[in-house]
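What follows is the content of entry_2.cif, which has mmCIF, C-alpha atoms:
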```cif
data_my_file
loop_
_atom_site.label_atom_id
_atom_site.label_comp_id
_atom_site.auth_asym_id
_atom_site.auth_seq_id
_atom_site.Cartn_x
_atom_site.Cartn_y
_atom_site.Cartn_z
CA MET A 428 55.49 -41.25 88.59
CA THR A 429 56.49 -43.97 86.15
CA LEU A 430 52.83 -44.67 85.45
CA ILE A 431 52.31 -41.08 84.31
CA MET A 432 55.46 -41.34 82.23
CA LEU A 433 54.11 -44.48 80.60
CA PHE A 434 50.81 -42.72 79.89
CA ASP A 435 52.65 -39.79 78.28
CA ILE A 436 54.71 -42.00 76.03
CA LEU A 437 51.67 -44.07 75.07
CA LEU A 438 49.63 -40.95 74.27
CA VAL A 439 52.32 -39.32 72.15
CA ALA A 440 53.03 -42.59 70.33
CA THR A 441 49.31 -43.10 69.60
CA LEU A 442 48.98 -39.53 68.34
CA LEU A 443 51.96 -39.94 66.02
CA TRP A 444 50.71 -43.32 64.80
CA LEU A 445 47.24 -41.92 64.10
CA ALA A 446 48.72 -38.93 62.24
CA TRP A 447 50.88 -41.22 60.13
CA ARG A 448 47.96 -43.52 59.36
CA LEU A 449 45.64 -40.67 58.41
CA LEU A 450 48.22 -39.19 56.07
CA ALA A 451 49.18 -42.54 54.55
CA THR A 452 45.89 -44.38 53.95
CA GLU A 453 44.65 -44.56 50.39
CA ASP A 454 41.00 -44.09 51.35
CA ILE A 455 40.18 -40.45 52.10
CA PHE A 456 37.04 -41.40 54.05
CA LYS A 457 39.15 -43.52 56.38
CA ALA A 458 41.60 -40.64 56.73
CA VAL A 459 38.82 -38.28 57.81
CA VAL A 460 37.53 -40.73 60.42
CA LEU A 461 41.09 -41.15 61.72
CA PHE A 462 41.39 -37.36 61.86
CA ILE A 463 38.30 -37.15 64.08
CA SER A 464 39.75 -39.70 66.49
CA PHE A 465 43.07 -37.86 66.33
CA GLY A 466 41.27 -34.68 67.44
CA LEU A 467 39.61 -36.46 70.36
CA LEU A 468 42.93 -37.87 71.54
CA MET A 469 44.40 -34.40 71.17
CA ALA A 470 41.75 -33.18 73.64
CA LEU A 471 43.10 -35.78 76.09
CA ALA A 472 46.61 -34.41 75.53
CA TRP A 473 45.39 -30.85 76.25
CA VAL A 474 43.90 -32.04 79.56
CA ARG A 475 47.25 -33.66 80.39
CA MET A 476 48.95 -30.33 79.62
CA ARG A 477 46.65 -28.65 82.19
CA ALA A 478 44.82 -26.64 79.52
CA PRO A 479 41.13 -27.48 80.04
CA ASP A 480 39.93 -24.47 78.02
CA VAL A 481 41.79 -25.68 74.95
CA ALA A 482 40.58 -29.24 75.58
CA LEU A 483 36.93 -28.14 75.62
CA ALA A 484 37.33 -26.17 72.40
CA GLU A 485 39.20 -29.01 70.70
CA ALA A 486 36.61 -31.61 71.72
CA ALA A 487 33.69 -29.50 70.49
CA LEU A 488 35.37 -28.30 67.31
CA GLY A 489 37.39 -31.39 66.41
CA ALA A 490 34.54 -33.84 66.84
CA GLY A 491 31.54 -31.61 66.16
CA LEU A 492 32.72 -29.46 63.28
CA THR A 493 35.92 -30.35 61.48
CA GLY A 494 34.87 -33.96 60.88
CA PRO A 495 31.44 -33.14 59.42
CA LEU A 496 33.04 -30.36 57.35
CA PHE A 497 35.44 -32.82 55.73
CA LEU A 498 32.74 -35.44 55.29
CA SER A 499 30.34 -33.04 53.57
CA ALA A 500 33.14 -31.76 51.31
CA LEU A 501 34.02 -35.36 50.47
CA ARG A 502 30.39 -36.11 49.58
CA ARG A 503 30.19 -33.02 47.39
CA MET A 504 33.39 -33.96 45.56
CA GLU A 505 32.14 -37.51 45.00
CA ARG A 506 28.92 -36.13 43.56
CA ILE A 507 30.82 -33.81 41.21
CA ARG A 508 33.01 -36.70 40.05
CA LYS A 509 29.97 -38.90 39.47
CA GLU A 510 28.35 -36.22 37.32
CA GLU A 511 31.55 -35.93 35.35
CA ARG A 512 31.67 -39.63 34.69
CA ARG A 513 28.03 -39.62 33.59
CA VAL A 514 28.69 -36.98 30.93
CA ASP A 515 32.04 -38.42 29.96
CA THR A 516 30.73 -41.88 29.07
CA ASP A 517 27.19 -41.12 28.12
CA GLU A 518 26.62 -44.32 26.18
CA ASP A 519 27.96 -46.59 28.97
CA ARG A 520 25.72 -45.01 31.53
CA ASP A 521 23.99 -48.23 32.55
CA ASP A 522 27.27 -50.01 33.15
CA ASP A 523 28.44 -47.01 35.09
CA VAL A 524 25.43 -47.02 37.42
CA LYS A 525 25.91 -50.72 38.02
CA ALA A 526 29.56 -50.14 38.85
CA GLY A 527 28.56 -47.34 41.20
CA ASN A 528 26.09 -49.59 42.99
CA LYS A 529 28.67 -52.32 43.32
CA ARG A 530 31.11 -49.82 44.75
CA LYS A 531 28.52 -48.66 47.27
CA GLU A 532 27.99 -52.22 48.40
CA THR A 533 31.68 -52.74 48.94
CA ILE A 534 31.88 -49.55 50.95
CA MET B 896 60.93 -47.44 53.24
CA MET B 897 57.18 -47.64 53.52
CA MET B 898 57.37 -46.12 56.95
CA SER B 899 59.17 -43.06 55.72
CA LYS B 900 56.69 -41.97 53.06
CA PRO B 901 53.14 -41.36 54.17
CA GLY B 902 50.48 -41.07 51.52
CA ILE B 903 52.44 -42.50 48.62
CA SER B 904 51.04 -45.21 46.43
CA GLY B 905 53.17 -48.22 45.62
CA ARG B 906 54.07 -47.10 42.12
CA ARG B 907 55.72 -43.86 43.16
CA ARG B 908 57.66 -45.23 46.08
CA PHE B 909 61.05 -44.98 44.39
CA ASP B 910 60.72 -41.51 42.98
CA PRO B 911 64.19 -39.95 43.51
CA PHE B 912 62.73 -36.46 43.69
CA LEU B 913 60.49 -37.55 46.53
CA LEU B 914 63.48 -39.09 48.29
CA LEU B 915 65.24 -35.74 48.09
CA ILE B 916 62.20 -34.02 49.62
CA PHE B 917 62.11 -36.66 52.33
CA LEU B 918 65.75 -36.06 53.19
CA LEU B 919 65.21 -32.31 53.32
CA VAL B 920 62.18 -32.74 55.58
CA LEU B 921 64.26 -35.06 57.79
CA LEU B 922 66.90 -32.34 58.03
CA LEU B 923 64.18 -29.83 58.95
CA THR B 924 62.94 -32.22 61.66
CA LEU B 925 66.43 -32.42 63.17
CA ILE B 926 66.85 -28.64 63.11
CA LEU B 927 63.45 -28.08 64.69
CA ALA B 928 64.08 -30.74 67.33
CA ARG B 929 67.41 -29.07 68.17
CA ALA B 930 65.62 -25.70 68.44
CA VAL B 931 62.90 -27.14 70.66
CA CYS B 932 65.49 -28.71 72.95
CA THR B 933 67.02 -25.30 73.61
CA LEU B 934 63.66 -23.64 74.33
CA PRO B 935 63.09 -22.50 77.90
CA MET B 936 60.51 -24.99 79.14
CA GLY B 937 58.05 -24.77 81.98
CA GLY B 938 59.15 -21.32 83.04
CA GLU B 939 56.87 -18.95 84.88
CA GLY B 940 56.28 -16.81 81.83
CA LEU B 941 53.60 -14.21 82.41
CA ALA B 942 51.68 -16.28 84.99
CA GLY B 943 52.73 -13.96 87.81
CA GLU B 944 51.79 -10.81 85.94
CA VAL B 945 48.38 -12.22 85.02
CA ALA B 946 47.75 -13.30 88.61
CA ARG B 947 48.71 -9.83 89.85
CA PHE B 948 46.18 -8.04 87.64
CA GLN B 949 43.51 -10.75 87.88
CA GLN B 950 41.51 -8.65 90.31
CA GLN B 951 41.25 -5.76 87.86
CA SER B 952 40.14 -7.90 84.93
CA GLY B 953 36.70 -8.56 86.43
CA VAL B 954 36.85 -12.33 85.90
CA GLU B 955 38.47 -15.14 87.87
CA SER B 956 39.62 -17.39 85.04
CA PRO B 957 43.11 -16.39 83.84
CA VAL B 958 42.55 -17.57 80.25
CA THR B 959 39.32 -15.58 79.91
CA ALA B 960 41.03 -12.55 81.43
CA VAL B 961 43.85 -12.78 78.86
CA LEU B 962 41.44 -13.38 75.98
CA LEU B 963 38.93 -10.63 76.62
CA ASN B 964 40.73 -8.10 78.73
CA PHE B 965 44.52 -8.11 78.60
CA ARG B 966 44.76 -9.07 74.95
CA GLY B 967 41.29 -8.04 73.85
CA TYR B 968 42.62 -6.54 70.62
CA ASP B 969 43.75 -9.99 69.41
CA THR B 970 40.35 -11.46 70.10
CA LEU B 971 38.58 -8.57 68.37
CA LEU B 972 40.62 -9.14 65.22
CA GLU B 973 40.09 -12.89 65.50
CA VAL B 974 36.32 -12.48 65.54
CA MET B 975 36.72 -10.31 62.44
CA VAL B 976 38.71 -13.12 60.78
CA LEU B 977 35.80 -15.49 61.41
CA LEU B 978 33.47 -12.98 59.77
CA LEU B 979 35.84 -12.73 56.79
CA ALA B 980 35.81 -16.51 56.42
CA VAL B 981 32.00 -16.49 56.22
CA ILE B 982 32.10 -13.68 53.65
CA GLY B 983 34.59 -15.70 51.61
CA VAL B 984 32.46 -18.84 51.72
CA TRP B 985 29.29 -16.94 50.91
CA SER B 986 30.87 -15.31 47.88
CA LEU B 987 31.98 -18.68 46.52
CA ALA B 988 28.90 -20.85 46.71
CA THR B 989 25.20 -21.08 47.44
CA ALA B 990 24.06 -23.48 50.12
CA SER B 991 21.61 -26.10 48.98
CA PHE B 992 19.11 -26.50 51.78
CA VAL B 993 16.51 -29.24 52.10
CA LYS B 994 16.45 -31.56 49.18
CA ASN B 995 15.25 -34.87 50.51
CA SER B 996 13.76 -34.17 53.90
CA PHE B 997 11.61 -37.29 53.57
CA ALA B 998 14.78 -39.37 53.80
CA THR B 999 15.44 -38.31 57.40
CA SER B 1000 14.34 -40.95 59.85
CA PRO B 1001 11.82 -39.97 62.57
CA VAL B 1002 14.20 -41.27 65.24
CA GLN B 1003 16.86 -38.82 64.10
CA ILE B 1004 14.37 -35.94 64.09
CA SER B 1005 13.19 -36.63 67.63
CA VAL B 1006 16.76 -37.06 68.89
CA VAL B 1007 17.68 -33.70 67.35
CA ARG B 1008 14.60 -32.11 68.90
CA LEU B 1009 15.80 -33.32 72.27
CA LEU B 1010 19.48 -32.54 71.77
CA ALA B 1011 19.41 -29.10 70.15
CA PRO B 1012 17.86 -27.20 73.10
CA LEU B 1013 20.09 -29.15 75.47
CA MET B 1014 23.18 -28.10 73.51
CA CYS B 1015 22.04 -24.46 73.60
CA LEU B 1016 21.73 -24.80 77.37
CA VAL B 1017 25.23 -26.32 77.62
CA ALA B 1018 26.58 -23.46 75.49
CA ALA B 1019 25.00 -20.86 77.78
CA TYR B 1020 26.41 -22.67 80.81
CA LEU B 1021 29.89 -22.78 79.26
CA VAL B 1022 29.80 -19.03 78.61
CA ARG B 1023 28.60 -18.33 82.14
CA GLN B 1024 31.16 -20.54 83.86
CA GLY B 1025 33.92 -19.09 81.66
CA THR B 1026 34.25 -16.24 84.13
CA HIS B 1027 35.65 -18.48 86.86
CA LEU B 1028 36.43 -21.93 85.37
CA ALA B 1029 37.35 -23.46 82.03
CA GLY B 1030 34.96 -22.28 79.33
CA GLY B 1031 34.04 -19.09 77.57
CA ALA B 1032 32.88 -17.60 74.31
CA PHE B 1033 34.81 -19.94 72.04
CA GLN B 1034 33.76 -23.15 73.76
CA GLY B 1035 30.14 -22.03 73.99
CA GLY B 1036 30.22 -20.91 70.37
CA ALA B 1037 31.67 -24.26 69.32
CA VAL B 1038 28.87 -26.15 71.07
CA LEU B 1039 26.29 -23.85 69.47
CA GLY B 1040 27.94 -24.45 66.10
CA ALA B 1041 27.77 -28.20 66.66
CA ALA B 1042 24.04 -27.84 67.43
CA GLY B 1043 23.65 -25.93 64.17
CA VAL B 1044 25.49 -28.68 62.29
CA LEU B 1045 23.11 -31.23 63.83
CA LEU B 1046 20.10 -29.22 62.62
CA LEU B 1047 21.62 -28.84 59.15
CA VAL B 1048 22.40 -32.55 58.86
CA THR B 1049 18.84 -33.46 59.82
CA GLU B 1050 17.62 -31.12 57.04
CA LEU B 1051 14.70 -29.74 58.99
CA PRO B 1052 12.32 -27.96 56.60
CA TRP B 1053 12.06 -24.74 58.60
CA LEU B 1054 15.79 -24.04 58.16
CA SER B 1055 15.20 -22.87 54.59
CA VAL B 1056 12.66 -20.24 55.65
CA VAL B 1057 14.85 -18.60 58.30
CA PRO B 1058 15.06 -14.98 57.09
CA SER B 1059 18.60 -14.27 55.96
CA LEU B 1060 18.43 -10.83 57.54
CA LEU B 1061 18.14 -12.49 60.95
CA LEU B 1062 21.14 -14.67 60.16
CA ARG B 1063 23.17 -11.64 59.13
CA ILE B 1064 22.25 -9.77 62.30
CA GLY B 1065 23.29 -12.80 64.36
CA LEU B 1066 26.60 -13.07 62.51
CA LEU B 1067 27.39 -9.40 63.09
CA LEU B 1068 26.19 -9.27 66.71
CA GLY B 1069 29.49 -10.34 68.31
CA PRO B 1070 31.95 -8.26 66.26
CA LEU B 1071 29.76 -5.16 66.39
CA CYS B 1072 29.17 -5.49 70.14
CA PHE B 1073 32.92 -5.90 70.72
CA LEU B 1074 33.73 -2.95 68.48
CA ALA B 1075 31.05 -0.76 70.09
CA VAL B 1076 32.44 -1.46 73.56
CA ALA B 1077 35.98 -0.75 72.35
CA ILE B 1078 34.98 2.57 70.82
CA LEU B 1079 32.81 3.58 73.78
CA CYS B 1080 35.85 3.01 76.01
CA MET B 1081 37.73 5.45 73.82
CA PHE B 1082 34.98 8.08 74.02
CA SER B 1083 34.94 8.01 77.80
CA GLY B 1084 38.51 9.24 77.94
CA ARG B 1085 40.29 5.88 78.04
CA GLN B 1086 42.30 3.91 75.53
CA LEU B 1087 40.84 1.46 73.04
CA LEU B 1088 39.44 -1.57 74.93
CA GLN B 1089 40.42 -0.18 78.34
CA TYR B 1090 37.30 -1.08 80.31
CA PRO B 1091 36.23 1.16 83.20
CA SER B 1092 37.56 -0.31 86.42
CA GLY B 1093 34.97 -2.06 88.55
CA GLU B 1094 32.60 -2.66 85.66
CA ALA B 1095 34.82 -4.96 83.62
CA GLY B 1096 32.97 -8.07 84.86
CA TRP B 1097 29.64 -7.54 83.17
CA ILE B 1098 31.23 -5.96 80.09
CA VAL B 1099 33.31 -9.11 79.55
CA LEU B 1100 30.22 -11.28 80.06
CA LEU B 1101 28.23 -9.17 77.56
CA ILE B 1102 30.94 -9.41 74.92
CA GLU B 1103 31.31 -13.13 75.56
CA SER B 1104 27.59 -13.83 75.15
CA ALA B 1105 27.35 -11.82 71.92
CA CYS B 1106 30.51 -13.43 70.54
CA ALA B 1107 29.32 -16.94 71.44
CA VAL B 1108 26.11 -16.43 69.42
CA SER B 1109 28.10 -15.06 66.49
CA ILE B 1110 30.72 -17.79 66.58
CA GLY B 1111 28.06 -20.50 66.72
CA LEU B 1112 26.19 -19.03 63.74
CA THR B 1113 29.50 -18.53 61.89
CA LEU B 1114 30.53 -22.16 62.32
CA ALA B 1115 27.07 -23.41 61.32
CA SER B 1116 27.02 -21.25 58.19
CA LEU B 1117 30.54 -22.40 57.34
CA PHE B 1118 29.22 -25.96 57.50
CA ALA B 1119 26.24 -25.05 55.31
CA GLY B 1120 28.91 -24.18 52.74
CA GLY B 1121 27.44 -21.12 51.09
CA ARG B 1122 25.10 -18.22 51.11
CA PRO B 1123 21.47 -19.11 51.92
CA GLY B 1124 19.36 -19.61 48.82
CA GLY B 1125 16.71 -17.01 47.96
CA ASP B 1126 18.95 -14.35 49.42
CA VAL B 1127 18.75 -10.62 48.78
CA SER B 1128 21.87 -10.78 46.63
CA ASP B 1129 20.33 -13.40 44.33
CA ASP B 1130 18.82 -12.22 41.11
CA MET C 1366 60.92 -34.06 80.66
CA THR C 1367 57.19 -34.08 79.91
CA ASN C 1368 57.50 -30.76 78.09
CA LEU C 1369 60.26 -32.16 75.93
CA LEU C 1370 58.35 -35.34 75.11
CA TYR C 1371 55.22 -33.50 73.96
CA SER C 1372 57.23 -30.80 72.16
CA LEU C 1373 59.16 -33.38 70.16
CA GLY C 1374 55.84 -35.06 69.38
CA GLY C 1375 54.63 -31.69 68.09
CA VAL C 1376 57.74 -31.30 65.92
CA LEU C 1377 57.20 -34.76 64.44
CA LEU C 1378 53.53 -34.00 63.75
CA PHE C 1379 54.54 -30.76 62.04
CA THR C 1380 57.11 -32.33 59.73
CA MET C 1381 54.87 -35.31 58.99
CA GLY C 1382 52.14 -32.94 57.88
CA PHE C 1383 54.68 -30.89 55.92
CA PHE C 1384 55.91 -33.91 54.02
CA ALA C 1385 52.37 -35.07 53.26
CA LEU C 1386 51.51 -31.55 52.09
CA ILE C 1387 54.29 -31.74 49.50
CA ALA C 1388 53.94 -35.39 48.53
CA CYS C 1389 50.17 -35.88 48.28
CA SER C 1390 48.15 -34.55 45.39
CA HIS C 1391 44.55 -34.89 46.55
CA PRO C 1392 43.28 -31.49 47.82
CA LEU C 1393 41.44 -32.98 50.80
CA ARG C 1394 44.62 -34.77 51.90
CA LYS C 1395 46.54 -31.51 51.62
CA ILE C 1396 43.99 -29.75 53.87
CA LEU C 1397 44.21 -32.63 56.36
CA ALA C 1398 48.01 -32.29 56.29
CA VAL C 1399 47.79 -28.56 57.05
CA ASN C 1400 45.51 -29.38 59.97
CA VAL C 1401 47.99 -31.90 61.34
CA MET C 1402 50.76 -29.31 60.97
CA SER C 1403 48.78 -26.70 62.90
CA THR C 1404 48.04 -29.23 65.64
CA GLY C 1405 51.77 -29.87 65.94
CA VAL C 1406 52.45 -26.16 66.38
CA PHE C 1407 49.72 -25.89 69.04
CA LEU C 1408 51.19 -28.87 70.86
CA ILE C 1409 54.65 -27.25 70.95
CA LEU C 1410 53.15 -23.98 72.23
CA VAL C 1411 51.11 -25.53 75.02
CA ALA C 1412 53.81 -28.04 75.98
CA SER C 1413 56.39 -25.29 76.41
CA ALA C 1414 54.10 -23.63 78.98
CA TYR C 1415 53.35 -26.81 80.95
CA ARG C 1416 54.63 -27.15 84.51
CA PRO C 1417 53.63 -29.76 87.09
CA GLU C 1418 50.98 -29.08 89.73
CA SER C 1419 53.63 -28.49 92.41
CA ALA C 1420 55.45 -25.77 90.46
CA GLY C 1421 52.59 -23.27 90.57
CA ASN C 1422 50.36 -21.49 88.06
CA ILE C 1423 50.64 -22.01 84.33
CA ASP C 1424 51.23 -19.13 81.96
CA PRO C 1425 47.76 -18.61 80.43
CA LEU C 1426 49.02 -16.66 77.41
CA PRO C 1427 49.90 -19.66 75.17
CA HIS C 1428 46.56 -21.24 76.09
CA ALA C 1429 44.67 -18.16 74.93
CA MET C 1430 46.70 -18.05 71.74
CA VAL C 1431 46.09 -21.72 70.99
CA LEU C 1432 42.38 -21.31 71.72
CA THR C 1433 42.00 -18.56 69.14
CA GLY C 1434 44.27 -20.49 66.80
CA ILE C 1435 42.05 -23.57 66.90
CA VAL C 1436 38.91 -21.59 66.07
CA VAL C 1437 40.68 -19.73 63.24
CA SER C 1438 42.11 -22.97 61.83
CA VAL C 1439 38.60 -24.48 61.71
CA SER C 1440 37.23 -21.48 59.80
CA VAL C 1441 40.20 -21.48 57.43
CA THR C 1442 39.68 -25.21 56.87
CA ALA C 1443 36.04 -24.56 55.95
CA LEU C 1444 37.07 -21.86 53.47
CA ALA C 1445 39.75 -24.12 51.97
CA LEU C 1446 37.26 -26.98 51.58
CA VAL C 1447 34.78 -24.75 49.75
CA LEU C 1448 37.62 -23.54 47.50
CA ALA C 1449 38.70 -27.14 46.83
CA CYS C 1450 35.13 -28.09 45.89
CA ARG C 1451 34.96 -25.07 43.61
CA VAL C 1452 38.23 -26.06 41.91
CA GLN C 1453 36.93 -29.57 41.37
CA GLU C 1454 33.67 -28.17 40.01
CA THR C 1455 35.32 -25.80 37.53
CA SER C 1456 37.88 -28.37 36.37
CA ASN C 1457 35.03 -30.80 35.89
CA LEU C 1458 34.58 -32.19 32.38
CA ALA C 1459 30.81 -31.66 32.44
CA PHE C 1460 31.25 -28.03 33.40
CA LEU C 1461 33.91 -27.48 30.72
CA LYS C 1462 31.72 -29.04 28.02
CA GLN C 1463 28.81 -26.93 29.10
CA GLN C 1464 30.96 -23.81 28.99
CA ARG C 1465 32.25 -24.73 25.53
CA ASN C 1466 28.74 -25.35 24.24
CA GLY C 1467 27.60 -22.09 25.77
CA SER C 1468 30.41 -20.13 24.14
CA GLU C 1469 29.77 -21.80 20.76
CA GLU C 1470 26.11 -20.93 20.97
CA SER C 1471 26.84 -17.37 21.93
CA GLY C 1472 29.43 -17.18 19.11
CA GLU C 1473 26.89 -18.21 16.48
#
```
Represent the supplied structure as structure tokens.
Amino acid sequence: MTLIMLFDILLVATLLWLAWRLLATEDIFKAVVLFISFGLLMALAWVRMRAPDVALAEAALGAGLTGPLFLSALRRMERIRKEERRVDTDEDRDDDVKAGNKRKETI
Amino acid sequence: MMMSKPGISGRRRFDPFLLLIFLLVLLLTLILARAVCTLPMGGEGLAGEVARFQQQSGVESPVTAVLLNFRGYDTLLEVMVLLLAVIGVWSLATASFVKNSFATSPVQISVVRLLAPLMCLVAAYLVRQGTHLAGGAFQGGAVLGAAGVLLLVTELPWLSVVPSLLLRIGLLLGPLCFLAVAILCMFSGRQLLQYPSGEAGWIVLLIESACAVSIGLTLASLFAGGRPGGDVSDD
Amino acid sequence: MTNLLYSLGGVLLFTMGFFALIACSHPLRKILAVNVMSTGVFLILVASAYRPESAGNIDPLPHAMVLTGIVVSVSVTALALVLACRVQETSNLAFLKQQRNGSEESGE
């Protein structure tokens, strides 16, 4: 009985901590990855709530679809921003490409 | 202070306006928590009613019975909402298929070749077992959609030559099938979505299979992020 | 007790997402915040229907509602993401310059 109680508290605390982290991190990519793990833990919570149907849907949609959706949108936005920078500072293009490469390495 | 403000960079931490919003949200939290505490929890709800009419619904899983029989109207409209989302996405952007298919590694291609049929099989199994266990059209459709996402990510060259007419037919299959059944029920002297007794089992399975295909294609085309290129509507 | 624990967790998720929705400016973060909010609502709904194994069957109605809600929230998220990309595209400097050049050329 107390073991289950402990599990409940741990699960809810982890969910809340993950939600706070994903809303508070500066890096959007990190936030999206945290959101995927948040969805998977949510599936665990649905199983604990005796709702296996919801858990199946959440696991398939949360991990298989929402995450890739956000990641592809993120990539598209990055590409748009890169194009913008290229036009904006046309003469500094070489410096810009170097900076981009450096940024990629750090990522 | 840091704890209380998610998503705020260091510079803006002492914005008084934000503090006001934080206090208001805190107040909202307290009100909602008070409301939740007074909710009737863990009651029987409609479990007894559903169990009583389970026999008539033609399926053994209570959730599937509620989704496709007792509250079929909700599900019909929900499938329409999915269709509307695809129409919205298609009217906003054009999907850019296959640009650098040479960049995909052969390992990834062979893994996808193995996984995609397997995922279709799992989806079919989920739809089939939805009649008596956990599973159903939405879970099967989600797995199908995930398989579609896998194919799209791998950027297989044949995806760009799939005729868009076929895609449209697949997208419409579920909603139209559901609607046809609903209207046929009306023509045979019953109410909208009131399935003939004794035959509800295979009707539910038919609707579920059609909807699973549609939902899978819907989710995959939502991921593609736009209308297929070289479409009829293109100039 | 379990119902209450998970329900309060859902309330906290909801308000956390609500605050982030107001406070953050990046569109992707806003969409993430809406998703967290909707998850909180689903958690409250399902938790209010939960009863232990010994108490008997669970009301399947909230489960069905949450199931459709999850699928709808994914499709709405996809639509919102495409809209956000479109906004970024049309507020893009390159696009604006191109438009301006185009209008100048057509004006001449």
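Applied to the file shown here, the PyMOL selection byres ((chain C and resi 1406) around 9) selects the residues Ser1372, Gly1375, Val1376, Leu1378, Phe1379, Val1401, Met1402, Ser1403, Thr1404, Gly1405, Phe1407, Leu1408, Ile1409, Leu1410 and Val1411 of chain C.
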*Picked residues, the PyMOL selection byres ((chain C) within 8 of (chain A)), expected as an MDAnalysis selection string*: chainID C and resid 1367 1370:1371 1374 1377:1378 1381:1382 1385 1393:1394 1397:1398 1401 1411:1412 1415 1428 1431:1432 1435:1436 1439 1442:1443 1446:1447 1450 1453:1454 1457:1459
Sorted by chain and rising residue number, list the residues of chain B at most 12 Å from chain A (counting all atoms listed in the file), each with its closest atom pair and distance in Å to one decimal, as CSV.
```
residue,atom,partner,partner_atom,distance
B:Met897,CA,A:Ala451,CA,9.5
B:Met898,CA,A:Trp447,CA,8.7
B:Ser899,CA,A:Trp447,CA,9.6
B:Lys900,CA,A:Ala451,CA,7.7
B:Pro901,CA,A:Ala451,CA,4.1
B:Gly902,CA,A:Ala451,CA,3.6
B:Ile903,CA,A:Ala451,CA,6.8
B:Ser904,CA,A:Glu453,CA,7.5
B:Gly905,CA,A:Glu453,CA,10.4
B:Gly937,CA,A:Met476,CA,10.9
B:Ser956,CA,A:Asp480,CA,10.0
B:Pro957,CA,A:Asp480,CA,10.5
B:Val958,CA,A:Asp480,CA,7.7
B:Thr959,CA,A:Asp480,CA,9.1
B:Leu962,CA,A:Asp480,CA,11.4
B:Ala990,CA,A:Arg503,CA,11.7
B:Ser991,CA,A:Arg503,CA,11.1
B:Met1014,CA,A:Ala487,CA,11.0
B:Val1017,CA,A:Ala487,CA,11.5
B:Ala1018,CA,A:Ala487,CA,10.6
B:Leu1021,CA,A:Leu483,CA,9.6
B:Val1022,CA,A:Asp480,CA,11.5
B:Gln1024,CA,A:Asp480,CA,11.2
B:Gly1025,CA,A:Asp480,CA,8.8
B:Thr1026,CA,A:Asp480,CA,11.7
B:His1027,CA,A:Asp480,CA,11.5
B:Leu1028,CA,A:Asp480,CA,8.5
B:Ala1029,CA,A:Asp480,CA,4.9
B:Gly1030,CA,A:Asp480,CA,5.6
B:Gly1031,CA,A:Asp480,CA,8.0
B:Ala1032,CA,A:Ala484,CA,9.8
B:Phe1033,CA,A:Ala484,CA,6.7
B:Gln1034,CA,A:Ala484,CA,4.9
B:Gly1035,CA,A:Ala484,CA,8.4
B:Gly1036,CA,A:Ala484,CA,9.1
B:Ala1037,CA,A:Ala487,CA,5.7
B:Val1038,CA,A:Ala487,CA,5.9
B:Leu1039,CA,A:Ala487,CA,9.4
B:Gly1040,CA,A:Leu492,CA,7.5
B:Ala1041,CA,A:Gly491,CA,5.1
B:Ala1042,CA,A:Gly491,CA,8.5
B:Gly1043,CA,A:Leu492,CA,9.8
B:Val1044,CA,A:Leu492,CA,7.3
B:Leu1045,CA,A:Gly491,CA,8.8
B:Leu1047,CA,A:Pro495,CA,10.7
B:Val1048,CA,A:Pro495,CA,9.1
B:Ile1110,CA,A:Leu488,CA,11.5
B:Gly1111,CA,A:Leu492,CA,10.7
B:Thr1113,CA,A:Leu492,CA,11.5
B:Leu1114,CA,A:Leu492,CA,7.7
B:Ala1115,CA,A:Leu492,CA,8.5
B:Ser1116,CA,A:Leu496,CA,11.0
B:Leu1117,CA,A:Leu496,CA,8.3
B:Phe1118,CA,A:Leu496,CA,5.8
B:Ala1119,CA,A:Leu496,CA,8.9
B:Gly1120,CA,A:Leu496,CA,8.7
```
Which residues of chain C come within 6 Å of chain B, and what is each one's closest atom pair and distance in Å (one decimal), counting all atoms listed in the file, sorted by chain and residue number, as a tab-separated table?
```
residue	atom	partner	partner_atom	distance
C:Ser1413	CA	B:Met936	CA	5.0
C:Ala1414	CA	B:Gly937	CA	5.1
C:Tyr1415	CA	B:Gly937	CA	5.2
C:Arg1416	CA	B:Gly937	CA	4.9
C:Ile1423	CA	B:Ala942	CA	5.9
C:Asp1424	CA	B:Ala942	CA	4.2
C:Pro1425	CA	B:Val958	CA	5.3
C:Ala1429	CA	B:Val958	CA	5.8
C:Leu1444	CA	B:Val984	CA	5.8
```
